[in-house]
Amino acid sequence: MKTKVVLLGDSGVGKSCIVNRFATNTFDIDSRVTVGAAFVARTIEMNDVNDDTRDVGKERKVKFEIWDTAGQERYESLANLYYRRAHVALVVFALDDEKSFEKARFWIKELKEKCEKRDALIILCGNKMDKITDEHEDRIVENSSKNNFNRRRKIEKGNDGEIVEGKEEEEEEETIFVSMDRAERMANELGCHMCVTSSAKTGEGVEELFFEVARKLLQREKGGRRKTDATNNEASKQKKTRNTNTSGARANAETAVVPPRTRDEEANNATKKKKKKKKKKTATTTGGESNPSRRPLHDT
């Protein structure tokens with residue numbers, strides 16, 4: 001199975017790092033900004049599970065043809081060339097970047113409006129989960145309101161112990177993380193099929209993401225085959241029923257009993273035939289005598 005995958009998202013969220021981690025299991029801390037788009041492919045094998053019996057069937061190969069698009073605004077108009085016929089769209093944002101999260105909303109709406117494949121899988125992925133540690137738990141916010149600059153007034157004490165208000169100074173802005181509860185709410189609101197987290201740096205969640213996508217695609221393919229088989233079976237049954245009805249009608253017509261004629265009817269028919277023959281003979285005789293053109297010539 002060949003599957004076209006496209007990655008969308010703001011610049012710097014780690015799209016290329018996710019692709020490299022999945023394709024080559026590497027991470028480049030100095031990864032360059034993508035220009036236009038980059039392509040990479042990888043084929044995975046996974047067991048085809050029967051959903052009815054939960055039995056493991058034969059191995060299936062799924063080839064991911066991945067297009068990594070540039071996140072800069074000047075390349076947004078080119079993204080449509082890559083996602084319009086994609087089977088899977090991975091919309092990536094950084095968990096430590098509020099702006100990239102809002103940009104993810106834009107990309108999901110674009111996919112809903114312009115993607116030619118209406119059944120394409122749309123996945124919202126929060127990357128850089130390695131940056132969230134226990135000490136950052138208090139920085140995870142549930143809303144989008146935050147100040148760009150936090151300011152405080154420096155409090156000083158004079159020589160006599162009196163508190164003196166100093167000059168206003170800028171406080172270094174702390175990183176605010178997007179909560180996954182908030183991401184899941186947006187994913188449900190916009191009709192995404194999955195909402196996941198990953199870390200391209202550590203590799204956490206990357207491999208699992210693509211294998212889950214493959215599993216969903218195989219399930220969808222199997223569901224489509226079942227639907228087609230059911231339709232074909234129904235059509236075959238209807239055709240068989242029509243053929244049976246036609247054959248029965250023919251058999252009834254062939255075995256239909258014709259009621260025998262009565263002796264009186266046979267006698268009347270025989271009399272009518274004799275009368276017709278007699279009339280025909282009389283007419284022939286009469287016509288031969290009255291027609292002068294048929295009289296024999298005599299020598300004089």
# chains A, B, ... in the order shown; residues from 1 in each chain; ligands from 1

call {"tool": "residues_around", "arguments": {"residues": "A:Ala79", "least_positions_apart": "5", "cutoff": "10 Å", "atoms": "only C-alpha atoms", "output": "PyMOL selection string"}}
result
chain A and resi 6-8+36-37+67-71+84+107

call {"tool": "residues_around", "arguments": {"residues": "A:Ala200", "least_positions_apart": "6", "cutoff": "8 Å", "atoms": "only C-alpha atoms", "output": "PyMOL selection string"}}
result
chain A and resi 14+17-18+21+27+127-128+206

call {"tool": "residues_around", "arguments": {"residues": "A:Glu59", "least_positions_apart": "6", "cutoff": "8 Å", "atoms": "only C-alpha atoms", "output": "mmCIF file with N, CA and C atoms, in the first residue's frame"}}
result
data_model
loop_
_atom_site.group_PDB
_atom_site.id
_atom_site.type_symbol
_atom_site.label_atom_id
_atom_site.label_comp_id
_atom_site.auth_asym_id
_atom_site.auth_seq_id
_atom_site.Cartn_x
_atom_site.Cartn_y
_atom_site.Cartn_z
ATOM 1 N N GLU A 45 6.570 -2.831 7.700
ATOM 2 C CA GLU A 45 5.788 -4.059 7.658
ATOM 3 C C GLU A 45 5.058 -4.224 8.977
ATOM 4 N N MET A 46 3.810 -4.619 8.898
ATOM 5 C CA MET A 46 3.027 -4.845 10.112
ATOM 6 C C MET A 46 2.021 -5.956 9.860
ATOM 7 N N ASN A 47 1.648 -6.624 10.925
ATOM 8 C CA ASN A 47 0.708 -7.725 10.809
ATOM 9 C C ASN A 47 -0.695 -7.200 10.558
ATOM 10 N N ASP A 48 -1.382 -7.869 9.643
ATOM 11 C CA ASP A 48 -2.767 -7.525 9.340
ATOM 12 C C ASP A 48 -3.656 -8.293 10.308
#

call {"tool": "atom_distance", "arguments": {"atom1": "atom CA of A:Glu208", "atom2": "atom CA of A:Met194"}}
result
12.5 Å

call {"tool": "select_by_dssp", "arguments": {"residues": "stretch 172-217 of chain A", "states": "strand (DSSP E or B)", "output": "list in words"}}
result
Phe177, Val178, Met194, Cys195, Val196 and Thr197 of chain A

call {"tool": "write_last_selection", "arguments": {"atoms": "N, CA and C atoms", "output": "PDB file, in the first residue's frame"}}
result
ATOM      1  N   PHE A 177       3.579  26.575  28.013  1.00  0.00           N
ATOM      2  CA  PHE A 177       3.321  25.362  27.256  1.00  0.00           C
ATOM      3  C   PHE A 177       1.827  25.179  27.001  1.00  0.00           C
ATOM      4  N   VAL A 178       1.530  24.616  25.839  1.00  0.00           N
ATOM      5  CA  VAL A 178       0.142  24.323  25.469  1.00  0.00           C
ATOM      6  C   VAL A 178      -0.228  22.969  26.055  1.00  0.00           C
ATOM      7  N   MET A 194      -6.920  12.138  14.839  1.00  0.00           N
ATOM      8  CA  MET A 194      -6.041  11.786  15.955  1.00  0.00           C
ATOM      9  C   MET A 194      -5.418  13.046  16.528  1.00  0.00           C
ATOM     10  N   CYS A 195      -5.034  12.955  17.808  1.00  0.00           N
ATOM     11  CA  CYS A 195      -4.288  14.037  18.462  1.00  0.00           C
ATOM     12  C   CYS A 195      -3.209  13.369  19.306  1.00  0.00           C
ATOM     13  N   VAL A 196      -1.941  13.618  18.966  1.00  0.00           N
ATOM     14  CA  VAL A 196      -0.837  12.892  19.592  1.00  0.00           C
ATOM     15  C   VAL A 196       0.258  13.862  20.003  1.00  0.00           C
ATOM     16  N   THR A 197       1.206  13.333  20.796  1.00  0.00           N
ATOM     17  CA  THR A 197       2.401  14.088  21.163  1.00  0.00           C
ATOM     18  C   THR A 197       3.626  13.311  20.693  1.00  0.00           C
TER      19      THR A 197
END

call {"tool": "atom_distance", "arguments": {"atom1": "atom CA of A:Ile108", "atom2": "atom CA of A:Gly223"}}
result
25.5 Å

call {"tool": "residues_around", "arguments": {"residues": "A:His193", "least_positions_apart": "2", "cutoff": "8 Å", "atoms": "only C-alpha atoms", "output": "PyMOL selection string"}}
result
chain A and resi 121-123+187+191+195

call {"tool": "write_last_selection", "arguments": {"atoms": "N, CA and C atoms", "output": "short mmCIF file (atom, residue, chain, number, x, y, z; two decimals), in the first residue's frame"}}
result
data_model
loop_
_atom_site.label_atom_id
_atom_site.label_comp_id
_atom_site.auth_asym_id
_atom_site.auth_seq_id
_atom_site.Cartn_x
_atom_site.Cartn_y
_atom_site.Cartn_z
N LEU A 121 -6.79 11.34 6.35
CA LEU A 121 -6.59 11.35 7.80
C LEU A 121 -5.88 12.64 8.19
N ILE A 122 -6.47 13.38 9.11
CA ILE A 122 -5.86 14.62 9.61
C ILE A 122 -5.45 14.40 11.06
N ILE A 123 -4.17 14.59 11.34
CA ILE A 123 -3.62 14.29 12.67
C ILE A 123 -2.97 15.56 13.23
N ALA A 187 -8.77 19.55 18.35
CA ALA A 187 -8.81 18.46 17.38
C ALA A 187 -10.24 17.95 17.20
N GLY A 191 -12.56 18.32 13.80
CA GLY A 191 -12.77 17.04 13.12
C GLY A 191 -11.50 16.29 12.76
N CYS A 195 -5.03 12.96 17.81
CA CYS A 195 -4.29 14.04 18.46
C CYS A 195 -3.21 13.37 19.31
#

call {"tool": "atom_distance", "arguments": {"atom1": "atom CA of A:Cys192", "atom2": "atom CA of A:Thr24"}}
result
27.5 Å

call {"tool": "residues_around", "arguments": {"residues": "A:Val13", "least_positions_apart": "2", "cutoff": "8 Å", "atoms": "only C-alpha atoms", "output": "VMD selection string"}}
result
chain A and resid 9 to 11 15 92 to 94 100 127 to 128
